[in-house]
file coords00.pdb (PDB, C-alpha atoms)
MODEL        1
ATOM      1  CA  MET A   1      11.163  70.129  51.006
ATOM      2  CA  THR A   2       8.299  70.885  53.387
ATOM      3  CA  LYS A   3       7.606  68.286  56.029
ATOM      4  CA  ASN A   4       5.977  68.324  59.433
ATOM      5  CA  VAL A   5       8.627  67.062  61.840
ATOM      6  CA  VAL A   6      12.376  66.410  61.796
ATOM      7  CA  VAL A   7      13.556  63.559  64.027
ATOM      8  CA  ILE A   8      17.295  63.695  64.757
ATOM      9  CA  GLY A   9      18.634  60.232  65.561
ATOM     10  CA  GLY A  10      17.677  56.876  64.029
ATOM     11  CA  GLY A  11      17.889  54.686  67.102
ATOM     12  CA  ALA A  12      14.977  52.835  68.688
ATOM     13  CA  SER A  13      13.333  55.972  70.088
ATOM     14  CA  GLY A  14      13.651  57.920  66.839
ATOM     15  CA  ILE A  15      12.224  55.040  64.787
ATOM     16  CA  GLU A  16       9.305  54.501  67.162
ATOM     17  CA  ALA A  17       8.483  58.220  67.309
ATOM     18  CA  SER A  18       8.642  58.527  63.514
ATOM     19  CA  ARG A  19       6.273  55.602  63.038
ATOM     20  CA  ARG A  20       3.802  57.024  65.550
ATOM     21  CA  LEU A  21       3.965  60.474  63.945
ATOM     22  CA  ARG A  22       3.334  58.871  60.560
ATOM     23  CA  ASP A  23       0.310  57.065  61.994
ATOM     24  CA  LEU A  24      -0.976  60.386  63.354
ATOM     25  CA  GLY A  25      -0.929  61.824  59.839
ATOM     26  CA  TYR A  26       2.432  63.572  59.702
ATOM     27  CA  SER A  27       5.349  63.191  57.302
ATOM     28  CA  PRO A  28       8.456  62.881  59.477
ATOM     29  CA  VAL A  29      12.035  63.185  58.268
ATOM     30  CA  LEU A  30      14.265  60.750  60.187
ATOM     31  CA  VAL A  31      17.953  61.733  60.115
ATOM     32  CA  GLU A  32      20.682  59.225  61.032
ATOM     33  CA  LYS A  33      24.428  59.868  60.834
ATOM     34  CA  GLU A  34      25.312  56.171  60.458
ATOM     35  CA  ASP A  35      24.640  53.993  57.403
ATOM     36  CA  HIS A  36      21.891  52.016  59.167
ATOM     37  CA  LEU A  37      18.994  52.491  61.550
ATOM     38  CA  GLY A  38      18.791  51.058  65.034
ATOM     39  CA  GLY A  39      21.580  52.773  66.939
ATOM     40  CA  HIS A  40      22.998  50.564  69.691
ATOM     41  CA  LEU A  41      20.111  48.136  69.319
ATOM     42  CA  ALA A  42      21.563  47.105  65.948
ATOM     43  CA  SER A  43      24.764  45.906  67.631
ATOM     44  CA  TRP A  44      23.238  44.050  70.580
ATOM     45  CA  ASN A  45      22.675  40.303  70.716
ATOM     46  CA  ARG A  46      20.005  39.635  73.328
ATOM     47  CA  LEU A  47      18.015  41.935  75.623
ATOM     48  CA  PHE A  48      17.545  41.378  79.338
ATOM     49  CA  PRO A  49      15.778  40.048  81.285
ATOM     50  CA  GLN A  50      13.928  37.692  78.907
ATOM     51  CA  MET A  51      16.958  37.296  76.598
ATOM     52  CA  ILE A  52      14.919  38.376  73.559
ATOM     53  CA  PRO A  53      17.061  38.597  70.373
ATOM     54  CA  ALA A  54      17.730  42.270  69.655
ATOM     55  CA  LYS A  55      17.445  41.643  65.920
ATOM     56  CA  ASP A  56      13.804  40.627  66.400
ATOM     57  CA  ILE A  57      12.990  43.932  68.111
ATOM     58  CA  LEU A  58      14.807  45.922  65.421
ATOM     59  CA  LYS A  59      13.095  43.985  62.643
ATOM     60  CA  SER A  60       9.720  44.737  64.198
ATOM     61  CA  LEU A  61      10.554  48.435  64.553
ATOM     62  CA  THR A  62      11.725  48.815  60.948
ATOM     63  CA  SER A  63       9.190  46.500  59.313
ATOM     64  CA  ASP A  64       6.979  49.365  58.137
ATOM     65  CA  MET A  65       8.757  52.645  57.349
ATOM     66  CA  LYS A  66       6.384  53.716  54.566
ATOM     67  CA  GLY A  67       5.607  57.423  54.751
ATOM     68  CA  ILE A  68       8.819  58.232  56.627
ATOM     69  CA  GLU A  69      11.636  60.047  54.817
ATOM     70  CA  VAL A  70      14.843  58.384  56.039
ATOM     71  CA  PHE A  71      18.223  60.042  55.511
ATOM     72  CA  LEU A  72      21.187  57.768  56.324
ATOM     73  CA  ASN A  73      24.814  58.929  56.453
ATOM     74  CA  THR A  74      23.379  62.383  57.091
ATOM     75  CA  GLU A  75      23.936  64.998  59.781
ATOM     76  CA  VAL A  76      22.237  68.260  60.669
ATOM     77  CA  ILE A  77      24.561  71.114  59.711
ATOM     78  CA  SER A  78      22.408  74.097  60.710
ATOM     79  CA  ILE A  79      19.086  75.024  62.276
ATOM     80  CA  ASN A  80      17.665  78.516  61.897
ATOM     81  CA  ARG A  81      14.668  79.798  63.782
ATOM     82  CA  LEU A  82      12.021  81.674  61.818
ATOM     83  CA  LYS A  83       8.953  83.345  63.306
ATOM     84  CA  ASP A  84       6.985  80.149  63.914
ATOM     85  CA  SER A  85       9.132  77.391  62.421
ATOM     86  CA  TYR A  86      12.661  76.020  61.967
ATOM     87  CA  VAL A  87      14.728  75.600  58.816
ATOM     88  CA  VAL A  88      16.892  72.505  59.153
ATOM     89  CA  LYS A  89      19.741  71.952  56.697
ATOM     90  CA  PHE A  90      21.253  68.520  56.203
ATOM     91  CA  SER A  91      24.673  67.369  55.040
ATOM     92  CA  ASN A  92      23.060  65.695  51.996
ATOM     93  CA  GLY A  93      22.254  69.135  50.569
ATOM     94  CA  LEU A  94      18.551  69.063  51.402
ATOM     95  CA  SER A  95      16.664  71.145  53.938
ATOM     96  CA  ALA A  96      13.271  71.104  55.646
ATOM     97  CA  GLN A  97      11.088  73.811  57.136
ATOM     98  CA  VAL A  98       9.209  72.423  60.125
ATOM     99  CA  LYS A  99       7.402  73.546  63.241
ATOM    100  CA  ALA A 100       8.644  70.707  65.415
ATOM    101  CA  ILE A 101      11.995  68.990  65.990
ATOM    102  CA  LEU A 102      12.461  65.818  68.015
ATOM    103  CA  ILE A 103      15.928  65.066  69.392
ATOM    104  CA  THR A 104      16.622  61.353  69.880
ATOM    105  CA  THR A 105      20.421  61.421  69.786
ATOM    106  CA  GLY A 106      20.811  58.661  72.350
ATOM    107  CA  PHE A 107      24.138  57.956  73.995
ATOM    108  CA  THR A 108      27.653  56.777  73.367
ATOM    109  CA  LEU A 109      29.812  54.505  75.503
ATOM    110  CA  PHE A 110      32.467  55.766  77.894
ATOM    111  CA  PRO A 111      35.917  55.229  76.301
ATOM    112  CA  ALA A 112      37.329  52.483  78.516
ATOM    113  CA  GLN A 113      40.938  53.379  77.674
ATOM    114  CA  LYS A 114      40.561  56.460  79.887
ATOM    115  CA  LYS A 115      40.562  54.136  82.907
ATOM    116  CA  GLN A 116      44.165  53.063  82.407
ATOM    117  CA  GLU A 117      44.232  50.985  85.599
ATOM    118  CA  TYR A 118      41.981  48.444  83.851
ATOM    119  CA  GLY A 119      44.350  47.968  80.918
ATOM    120  CA  TYR A 120      41.989  48.370  77.965
ATOM    121  CA  GLY A 121      44.101  48.925  74.865
ATOM    122  CA  ILE A 122      47.156  47.805  76.826
ATOM    123  CA  TYR A 123      46.476  44.131  77.488
ATOM    124  CA  ASP A 124      45.020  41.912  74.768
ATOM    125  CA  ARG A 125      42.588  40.087  77.013
ATOM    126  CA  VAL A 126      40.786  43.176  78.308
ATOM    127  CA  ILE A 127      37.644  43.971  76.295
ATOM    128  CA  THR A 128      34.492  46.043  76.728
ATOM    129  CA  ASN A 129      30.833  45.100  76.950
ATOM    130  CA  ALA A 130      30.430  46.360  73.362
ATOM    131  CA  ASP A 131      33.279  44.107  72.189
ATOM    132  CA  LEU A 132      31.709  41.098  73.870
ATOM    133  CA  GLU A 133      28.262  41.883  72.461
ATOM    134  CA  ALA A 134      29.813  41.974  68.976
ATOM    135  CA  TRP A 135      31.382  38.566  69.634
ATOM    136  CA  PHE A 136      27.996  37.199  70.711
ATOM    137  CA  ASN A 137      26.689  38.441  67.367
ATOM    138  CA  GLY A 138      29.216  36.330  65.491
ATOM    139  CA  ASN A 139      32.080  38.759  64.989
ATOM    140  CA  LYS A 140      35.418  37.016  65.400
ATOM    141  CA  ASP A 141      37.631  38.215  68.249
ATOM    142  CA  LYS A 142      40.884  36.429  69.012
ATOM    143  CA  ARG A 143      40.805  37.858  72.538
ATOM    144  CA  VAL A 144      37.854  35.580  73.350
ATOM    145  CA  THR A 145      39.484  32.175  72.971
ATOM    146  CA  ASP A 146      38.409  29.418  75.368
ATOM    147  CA  PRO A 147      38.778  31.501  78.557
ATOM    148  CA  GLN A 148      38.798  29.504  81.781
ATOM    149  CA  VAL A 149      38.483  32.427  84.212
ATOM    150  CA  ILE A 150      36.474  35.499  83.239
ATOM    151  CA  GLY A 151      35.807  38.746  85.091
ATOM    152  CA  PHE A 152      33.287  41.553  84.638
ATOM    153  CA  VAL A 153      33.988  45.014  86.033
ATOM    154  CA  HIS A 154      30.889  47.121  86.702
ATOM    155  CA  CYS A 155      30.632  50.924  86.612
ATOM    156  CA  VAL A 156      33.489  51.698  84.208
ATOM    157  CA  GLY A 157      33.109  55.430  83.650
ATOM    158  CA  SER A 158      29.882  55.610  85.665
ATOM    159  CA  ARG A 159      29.421  56.874  89.225
ATOM    160  CA  ASP A 160      32.991  58.083  88.916
ATOM    161  CA  GLU A 161      33.884  61.639  89.876
ATOM    162  CA  LYS A 162      37.392  61.327  88.438
ATOM    163  CA  ALA A 163      35.978  60.237  85.080
ATOM    164  CA  GLY A 164      33.623  63.229  85.108
ATOM    165  CA  ASN A 165      30.486  61.057  85.227
ATOM    166  CA  ARG A 166      28.645  60.988  88.526
ATOM    167  CA  GLN A 167      25.454  59.459  87.155
ATOM    168  CA  CYS A 168      24.556  55.782  87.185
ATOM    169  CA  SER A 169      24.224  54.330  83.679
ATOM    170  CA  LYS A 170      21.187  52.373  84.886
ATOM    171  CA  VAL A 171      21.536  49.277  82.695
ATOM    172  CA  CYS A 172      25.160  48.234  83.315
ATOM    173  CA  CYS A 173      24.432  45.925  86.265
ATOM    174  CA  ALA A 174      21.715  44.054  84.393
ATOM    175  CA  THR A 175      23.828  43.956  81.219
ATOM    176  CA  ALA A 176      26.774  42.511  83.150
ATOM    177  CA  VAL A 177      24.589  39.759  84.612
ATOM    178  CA  LYS A 178      23.083  39.039  81.184
ATOM    179  CA  GLN A 179      26.508  38.839  79.535
ATOM    180  CA  ALA A 180      27.894  36.723  82.364
ATOM    181  CA  ILE A 181      25.082  34.218  81.790
ATOM    182  CA  GLU A 182      25.633  34.267  78.029
ATOM    183  CA  ILE A 183      29.375  33.675  78.247
ATOM    184  CA  LYS A 184      28.831  30.916  80.799
ATOM    185  CA  GLU A 185      26.543  29.257  78.253
ATOM    186  CA  LYS A 186      29.356  29.499  75.686
ATOM    187  CA  PHE A 187      32.034  28.244  78.114
ATOM    188  CA  PRO A 188      30.237  26.065  80.714
ATOM    189  CA  ASP A 189      33.459  25.085  82.507
ATOM    190  CA  ALA A 190      34.680  28.660  82.953
ATOM    191  CA  VAL A 191      34.708  30.424  86.325
ATOM    192  CA  VAL A 192      32.982  33.809  86.038
ATOM    193  CA  TYR A 193      33.322  36.730  88.471
ATOM    194  CA  CYS A 194      31.437  40.023  88.669
ATOM    195  CA  PHE A 195      33.111  42.909  90.524
ATOM    196  CA  TYR A 196      30.459  45.374  91.610
ATOM    197  CA  MET A 197      29.968  48.402  93.876
ATOM    198  CA  ASP A 198      26.323  47.577  94.532
ATOM    199  CA  LEU A 199      23.856  45.844  92.271
ATOM    200  CA  ARG A 200      21.054  48.033  90.911
ATOM    201  CA  MET A 201      18.609  45.418  89.656
ATOM    202  CA  PHE A 202      15.562  47.678  89.690
ATOM    203  CA  GLY A 203      13.285  46.249  86.975
ATOM    204  CA  ARG A 204      10.754  43.455  86.988
ATOM    205  CA  GLY A 205      12.547  40.179  86.356
ATOM    206  CA  TYR A 206      16.008  41.695  86.910
ATOM    207  CA  GLU A 207      16.435  40.309  90.428
ATOM    208  CA  ASP A 208      15.306  36.904  89.180
ATOM    209  CA  MET A 209      17.970  37.057  86.479
ATOM    210  CA  TYR A 210      20.588  37.875  89.130
ATOM    211  CA  LEU A 211      19.498  34.975  91.338
ATOM    212  CA  LYS A 212      19.477  32.656  88.334
ATOM    213  CA  ALA A 213      23.029  33.723  87.487
ATOM    214  CA  GLN A 214      24.164  32.573  90.921
ATOM    215  CA  LYS A 215      22.008  29.485  91.363
ATOM    216  CA  ASP A 216      21.937  28.002  87.864
ATOM    217  CA  TYR A 217      25.218  29.286  86.402
ATOM    218  CA  GLY A 218      27.456  29.550  89.448
ATOM    219  CA  ILE A 219      28.545  33.111  88.706
ATOM    220  CA  ARG A 220      30.478  34.616  91.602
ATOM    221  CA  PHE A 221      29.776  38.188  92.713
ATOM    222  CA  LEU A 222      32.479  40.135  94.565
ATOM    223  CA  ARG A 223      31.573  43.474  96.089
ATOM    224  CA  GLY A 224      34.475  45.871  95.572
ATOM    225  CA  ARG A 225      36.254  47.943  92.973
ATOM    226  CA  VAL A 226      39.062  46.541  90.869
ATOM    227  CA  SER A 227      42.152  48.536  91.816
ATOM    228  CA  GLU A 228      44.703  47.219  89.330
ATOM    229  CA  VAL A 229      45.040  44.983  86.290
ATOM    230  CA  SER A 230      48.405  43.660  85.119
ATOM    231  CA  GLU A 231      49.791  40.793  83.071
ATOM    232  CA  ASP A 232      51.981  37.927  84.234
ATOM    233  CA  ILE A 233      54.831  36.338  82.308
ATOM    234  CA  ASN A 234      52.452  33.836  80.737
ATOM    235  CA  GLY A 235      50.193  36.550  79.330
ATOM    236  CA  ARG A 236      47.359  35.967  81.817
ATOM    237  CA  LEU A 237      45.707  38.903  83.503
ATOM    238  CA  VAL A 238      46.240  39.512  87.191
ATOM    239  CA  VAL A 239      43.283  41.348  88.708
ATOM    240  CA  LYS A 240      43.535  42.977  92.128
ATOM    241  CA  ALA A 241      40.455  44.126  94.026
ATOM    242  CA  ASP A 242      39.105  44.632  97.526
ATOM    243  CA  ASP A 243      36.350  42.304  98.706
ATOM    244  CA  THR A 244      34.484  44.736 100.975
ATOM    245  CA  LEU A 245      32.150  42.039 102.338
ATOM    246  CA  LEU A 246      35.015  39.871 103.558
ATOM    247  CA  GLY A 247      37.158  42.892 104.333
ATOM    248  CA  LYS A 248      40.254  41.656 102.540
ATOM    249  CA  PRO A 249      42.070  42.141  99.223
ATOM    250  CA  VAL A 250      41.859  39.530  96.476
ATOM    251  CA  LYS A 251      44.138  38.732  93.551
ATOM    252  CA  ILE A 252      42.829  36.517  90.746
ATOM    253  CA  SER A 253      44.487  35.316  87.542
ATOM    254  CA  MET A 254      42.143  35.578  84.577
ATOM    255  CA  ASP A 255      41.985  34.841  80.874
ATOM    256  CA  LEU A 256      39.457  37.559  80.002
ATOM    257  CA  LEU A 257      38.274  40.777  81.636
ATOM    258  CA  VAL A 258      35.137  42.567  80.421
ATOM    259  CA  LEU A 259      34.723  46.263  81.251
ATOM    260  CA  MET A 260      31.132  47.477  81.536
ATOM    261  CA  SER A 261      31.481  50.887  79.909
ATOM    262  CA  GLY A 262      28.701  53.225  80.958
ATOM    263  CA  MET A 263      26.508  55.612  78.989
ATOM    264  CA  ILE A 264      27.717  59.136  78.289
ATOM    265  CA  ALA A 265      26.259  61.899  76.128
ATOM    266  CA  PRO A 266      27.391  62.073  72.483
ATOM    267  CA  GLU A 267      29.574  65.040  71.561
ATOM    268  CA  SER A 268      27.039  66.039  68.899
ATOM    269  CA  ASN A 269      24.720  67.211  71.671
ATOM    270  CA  MET A 270      26.850  70.301  72.202
ATOM    271  CA  GLU A 271      26.582  71.362  68.567
ATOM    272  CA  LEU A 272      22.830  70.788  68.537
ATOM    273  CA  SER A 273      22.453  72.768  71.733
ATOM    274  CA  LYS A 274      24.143  75.742  70.094
ATOM    275  CA  MET A 275      21.921  75.515  67.029
ATOM    276  CA  LEU A 276      18.704  75.269  69.044
ATOM    277  CA  LYS A 277      19.728  77.233  72.136
ATOM    278  CA  VAL A 278      18.677  74.273  74.250
ATOM    279  CA  LEU A 279      21.372  73.868  76.861
ATOM    280  CA  PRO A 280      22.377  70.387  78.037
ATOM    281  CA  GLY A 281      23.177  69.609  81.651
ATOM    282  CA  GLU A 282      26.714  69.405  82.954
ATOM    283  CA  ASP A 283      26.760  65.709  82.027
ATOM    284  CA  GLY A 284      26.113  66.550  78.359
ATOM    285  CA  PHE A 285      22.608  65.071  78.214
ATOM    286  CA  PHE A 286      19.728  67.391  77.390
ATOM    287  CA  SER A 287      17.588  68.662  80.251
ATOM    288  CA  PRO A 288      13.800  68.547  79.821
ATOM    289  CA  ALA A 289      11.751  71.488  81.038
ATOM    290  CA  ASN A 290      10.038  69.201  83.560
ATOM    291  CA  ALA A 291      11.699  65.833  84.073
ATOM    292  CA  ILE A 292       8.875  64.540  86.274
ATOM    293  CA  SER A 293       5.581  65.434  84.615
ATOM    294  CA  ASN A 294       6.770  65.504  80.994
ATOM    295  CA  PRO A 295      10.346  64.483  80.129
ATOM    296  CA  THR A 296       9.792  65.034  76.391
ATOM    297  CA  LEU A 297       9.381  68.820  76.559
ATOM    298  CA  SER A 298      12.283  71.247  76.179
ATOM    299  CA  ASN A 299      12.339  74.908  77.163
ATOM    300  CA  ARG A 300      12.042  75.897  73.481
ATOM    301  CA  ASP A 301       8.791  75.962  71.558
ATOM    302  CA  GLY A 302       8.683  73.144  69.030
ATOM    303  CA  VAL A 303      11.707  71.247  70.353
ATOM    304  CA  PHE A 304      11.182  67.874  72.020
ATOM    305  CA  PHE A 305      13.280  65.043  73.468
ATOM    306  CA  ALA A 306      12.924  61.260  73.676
ATOM    307  CA  GLY A 307      14.980  58.306  74.798
ATOM    308  CA  ALA A 308      18.552  58.516  76.057
ATOM    309  CA  ALA A 309      18.959  62.069  74.743
ATOM    310  CA  THR A 310      18.043  63.118  78.294
ATOM    311  CA  GLY A 311      20.018  60.437  80.134
ATOM    312  CA  PRO A 312      20.490  56.661  80.483
ATOM    313  CA  LYS A 313      17.370  54.656  79.684
ATOM    314  CA  THR A 314      16.307  51.040  79.332
ATOM    315  CA  MET A 315      14.883  49.850  76.012
ATOM    316  CA  PRO A 316      11.243  49.858  77.251
ATOM    317  CA  GLU A 317      11.695  53.415  78.546
ATOM    318  CA  THR A 318      13.273  54.481  75.264
ATOM    319  CA  LEU A 319      10.373  53.148  73.219
ATOM    320  CA  SER A 320       7.779  54.583  75.600
ATOM    321  CA  GLU A 321       9.306  58.048  75.396
ATOM    322  CA  GLY A 322       9.316  57.847  71.604
ATOM    323  CA  ARG A 323       5.560  57.217  71.677
ATOM    324  CA  ALA A 324       4.982  59.929  74.278
ATOM    325  CA  ALA A 325       6.970  62.468  72.274
ATOM    326  CA  ALA A 326       4.898  61.746  69.166
ATOM    327  CA  LEU A 327       1.703  62.487  71.094
ATOM    328  CA  GLU A 328       3.178  65.692  72.546
ATOM    329  CA  ILE A 329       4.240  66.862  69.090
ATOM    330  CA  ASP A 330       0.777  66.091  67.729
ATOM    331  CA  SER A 331      -0.798  68.132  70.521
ATOM    332  CA  TYR A 332       1.636  71.005  69.963
ATOM    333  CA  LEU A 333       1.138  71.155  66.192
ATOM    334  CA  LYS A 334      -2.626  71.106  66.534
ATOM    335  CA  ARG A 335      -2.351  73.972  68.995
ATOM    336  CA  VAL A 336      -0.101  76.158  66.854
ATOM    337  CA  GLY A 337      -1.408  74.965  63.483
ATOM    338  CA  ASP A 338       0.544  72.382  61.486
TER     339      ASP A 338
ENDMDL
END

call {"tool": "encode", "arguments": {"input": "coords00.pdb", "output": "structure tokens"}}
result
Amino acid sequence: MTKNVVVIGGGASGIEASRRLRDLGYSPVLVEKEDHLGGHLASWNRLFPQMIPAKDILKSLTSDMKGIEVFLNTEVISINRLKDSYVVKFSNGLSAQVKAILITTGFTLFPAQKKQEYGYGIYDRVITNADLEAWFNGNKDKRVTDPQVIGFVHCVGSRDEKAGNRQCSKVCCATAVKQAIEIKEKFPDAVVYCFYMDLRMFGRGYEDMYLKAQKDYGIRFLRGRVSEVSEDINGRLVVKADDTLLGKPVKISMDLLVLMSGMIAPESNMELSKMLKVLPGEDGFFSPANAISNPTLSNRDGVFFAGAATGPKTMPETLSEGRAAALEIDSYLKRVGD
């Protein structure tokens, strides 16, 4: 099978890049290890700050896949460098010889059970942002049953030296505010708290969403890390934290605690880095050759990046990098001869 470009990762960035490459006249092969396209977008409910349904964005992205070879339930098992091209072998028994490879492997979520002080996997009423998003999408979860007091813990596995992740996950603050609003809409009488280190509401409309959460929904924001989560004799959670603005400790009984697990690099990045000799950074994400002027270029001819493969990204950034990578690949292939 001879194609022009292999795109590794069928999330939003990989889909967008494949469509743009197709429109530029190429025949991309889009490889996804799961049984569906969309990555994390496929499991989200609404997207901040406008609360747009994620399914609408995914439907738009996948509405026209003609001319794109899509391999689901498929992984890359080897990549061999020839003189001016790469031979990529897939787990479905097929292979492709191409001059360009685009890595859009995205991210995975920090395993919240590693932060044992928060009680995930220990106490029934402690869930993650991914669990709550699934519940918003209609999946039943007995842990979310008419909660009267709800807490959100920011930066779980992010900005945490002990967890091995110093970087900010970029979208957790906004996601926490979005989810706090959504759950308040589901349970209007509930009291909702957000425990934060500092709020990084950097995008247009994000600060407005934060102010709306306070003014219109009455969500309470406490600056300080949660130090301990336990369970009382009635099965309610007891959350201890330090309110650094008031300068005193707080202890609150809750019915539900949501942990905002941050973005970390997928383990598959290490295997890909060995195949391509493109080394990731110490955080596991790939490092572009020039993160400022062109974040889609690697230090290897014919290898490109897009989306969260190089670190935490918002959805608009992810889609923009997919488009940018397609243009860079087009320029490269015209230069070397496609």

call {"tool": "resolve_selection", "arguments": {"input": "coords00.pdb", "expression": "the PyMOL selection byres ((chain A and resi 42) around 12)", "output": "VMD selection string"}}
result
chain A and resid 10 to 12 34 to 41 43 to 47 53 to 59 61 to 62 130 133 to 134 137

call {"tool": "closest_residue", "arguments": {"input": "coords00.pdb", "among": "A:Asn165, A:Asn294, A:Ser27, A:Gln50", "to": "Lys66 (chain A)", "atoms": "only C-alpha atoms"}}
result
A:Ser27

call {"tool": "resolve_selection", "arguments": {"input": "coords00.pdb", "expression": "the PyMOL selection byres ((chain A and resi 89) around 7)", "output": "list in words"}}
result
Val76, Ile77, Ser78, Ile79, Val87, Val88, Phe90, Ser91, Leu94, Ser95 and Ala96 of chain A

call {"tool": "write_last_selection", "arguments": {"input": "coords00.pdb", "atoms": "C-alpha atoms", "output": "PDB file, in the frame of the given file"}}
result
ATOM      1  CA  VAL A  76      22.237  68.260  60.669  1.00  0.00           C
ATOM      2  CA  ILE A  77      24.561  71.114  59.711  1.00  0.00           C
ATOM      3  CA  SER A  78      22.408  74.097  60.710  1.00  0.00           C
ATOM      4  CA  ILE A  79      19.086  75.024  62.276  1.00  0.00           C
ATOM      5  CA  VAL A  87      14.728  75.600  58.816  1.00  0.00           C
ATOM      6  CA  VAL A  88      16.892  72.505  59.153  1.00  0.00           C
ATOM      7  CA  PHE A  90      21.253  68.520  56.203  1.00  0.00           C
ATOM      8  CA  SER A  91      24.673  67.369  55.040  1.00  0.00           C
ATOM      9  CA  LEU A  94      18.551  69.063  51.402  1.00  0.00           C
ATOM     10  CA  SER A  95      16.664  71.145  53.938  1.00  0.00           C
ATOM     11  CA  ALA A  96      13.271  71.104  55.646  1.00  0.00           C
TER      12      ALA A  96
END

call {"tool": "residues_around", "arguments": {"input": "coords00.pdb", "residues": "Asp141 (chain A)", "least_positions_apart": "5", "cutoff": "9 Å", "atoms": "only C-alpha atoms", "output": "list in words"}}
result
Asp131, Leu132, Ala134 and Trp135 of chain A

call {"tool": "residues_around", "arguments": {"input": "coords00.pdb", "residues": "Leu237 (chain A)", "least_positions_apart": "6", "cutoff": "6 Å", "atoms": "all atoms listed in the file", "output": "JSON list (two decimals) with C-alpha atoms, in the frame of the given file"}}
result
[["chain", "number", "residue", "atom", "x", "y", "z"],
["A", 230, "SER", "CA", 48.40, 43.66, 85.12],
["A", 231, "GLU", "CA", 49.79, 40.79, 83.07],
["A", 253, "SER", "CA", 44.49, 35.32, 87.54],
["A", 254, "MET", "CA", 42.14, 35.58, 84.58]]

call {"tool": "resolve_selection", "arguments": {"input": "coords00.pdb", "expression": "the PyMOL selection byres ((chain A and resi 240) around 9)", "output": "PyMOL selection string"}}
result
chain A and resi 225-230+238-239+241-242+249-253

call {"tool": "write_last_selection", "arguments": {"input": "coords00.pdb", "atoms": "C-alpha atoms", "output": "compact mmCIF listing (two decimals), in the frame of the given file"}}
result
# COMPACT_ATOMS: atom_id res chain seq x y z
CA ARG A 225 36.25 47.94 92.97
CA VAL A 226 39.06 46.54 90.87
CA SER A 227 42.15 48.54 91.82
CA GLU A 228 44.70 47.22 89.33
CA VAL A 229 45.04 44.98 86.29
CA SER A 230 48.40 43.66 85.12
CA VAL A 238 46.24 39.51 87.19
CA VAL A 239 43.28 41.35 88.71
CA ALA A 241 40.46 44.13 94.03
CA ASP A 242 39.10 44.63 97.53
CA PRO A 249 42.07 42.14 99.22
CA VAL A 250 41.86 39.53 96.48
CA LYS A 251 44.14 38.73 93.55
CA ILE A 252 42.83 36.52 90.75
CA SER A 253 44.49 35.32 87.54

call {"tool": "atom_distance", "arguments": {"input": "coords00.pdb", "atom1": "CA of Phe187 (chain A)", "atom2": "CA of Ala174 (chain A)"}}
result
19.9 Å

call {"tool": "residues_around", "arguments": {"input": "coords00.pdb", "residues": "region 144-156 of chain A", "least_positions_apart": "5", "cutoff": "7 Å", "atoms": "only C-alpha atoms", "output": "JSON, numbers by chain"}}
result
{"A": [112, 172, 173, 176, 189, 190, 191, 192, 193, 194, 195, 196, 254, 255, 256, 257, 258, 259, 260, 261, 262]}

call {"tool": "closest_residue", "arguments": {"input": "coords00.pdb", "among": "A:Val171, A:Ala213, A:Ile101, A:Ile181", "to": "Glu317 (chain A)", "atoms": "all atoms listed in the file"}}
result
A:Val171

call {"tool": "closest_residue", "arguments": {"input": "coords00.pdb", "among": "A:Leu297, A:Ala289, A:Ile103, A:Ile127", "to": "Ser273 (chain A)", "atoms": "only C-alpha atoms"}}
result
A:Ile103

call {"tool": "axis_aligned_box", "arguments": {"input": "coords00.pdb", "around": "region 184-203 of chain A", "padding_each_side": "3 Å", "output": "JSON"}}
result
{"center_x": 24.0, "center_y": 36.7, "center_z": 85.1, "size_x": 27.4, "size_y": 29.3, "size_z": 24.8}

call {"tool": "atom_distance", "arguments": {"input": "coords00.pdb", "atom1": "CA of Pro111 (chain A)", "atom2": "CA of Thr128 (chain A)"}}
result
9.3 Å

call {"tool": "residues_around", "arguments": {"input": "coords00.pdb", "residues": "Tyr86 (chain A)", "least_positions_apart": "2", "cutoff": "9 Å", "atoms": "all atoms listed in the file", "output": "number ranges by chain"}}
result
A: 79-84, 88, 96-101, 302

call {"tool": "build_atoms", "arguments": {"input": "coords00.pdb", "residues": "region 203-209 of chain A", "atoms": "N, CA and C atoms", "output": "compact mmCIF listing (two decimals), in the coordinates of the input"}}
result
# COMPACT_ATOMS: atom_id res chain seq x y z
N GLY A 203 14.45 46.56 87.81
CA GLY A 203 13.28 46.25 86.98
C GLY A 203 12.66 44.90 87.28
N ARG A 204 11.44 44.73 86.80
CA ARG A 204 10.75 43.46 86.99
C ARG A 204 11.49 42.35 86.24
N GLY A 205 11.82 41.29 86.95
CA GLY A 205 12.55 40.18 86.36
C GLY A 205 14.06 40.31 86.46
N TYR A 206 14.55 41.50 86.84
CA TYR A 206 16.01 41.70 86.91
C TYR A 206 16.61 40.93 88.09
N GLU A 207 15.94 41.02 89.25
CA GLU A 207 16.43 40.31 90.43
C GLU A 207 16.40 38.80 90.19
N ASP A 208 15.38 38.33 89.50
CA ASP A 208 15.31 36.90 89.18
C ASP A 208 16.47 36.49 88.29
N MET A 209 16.84 37.35 87.36
CA MET A 209 17.97 37.06 86.48
C MET A 209 19.27 36.97 87.29
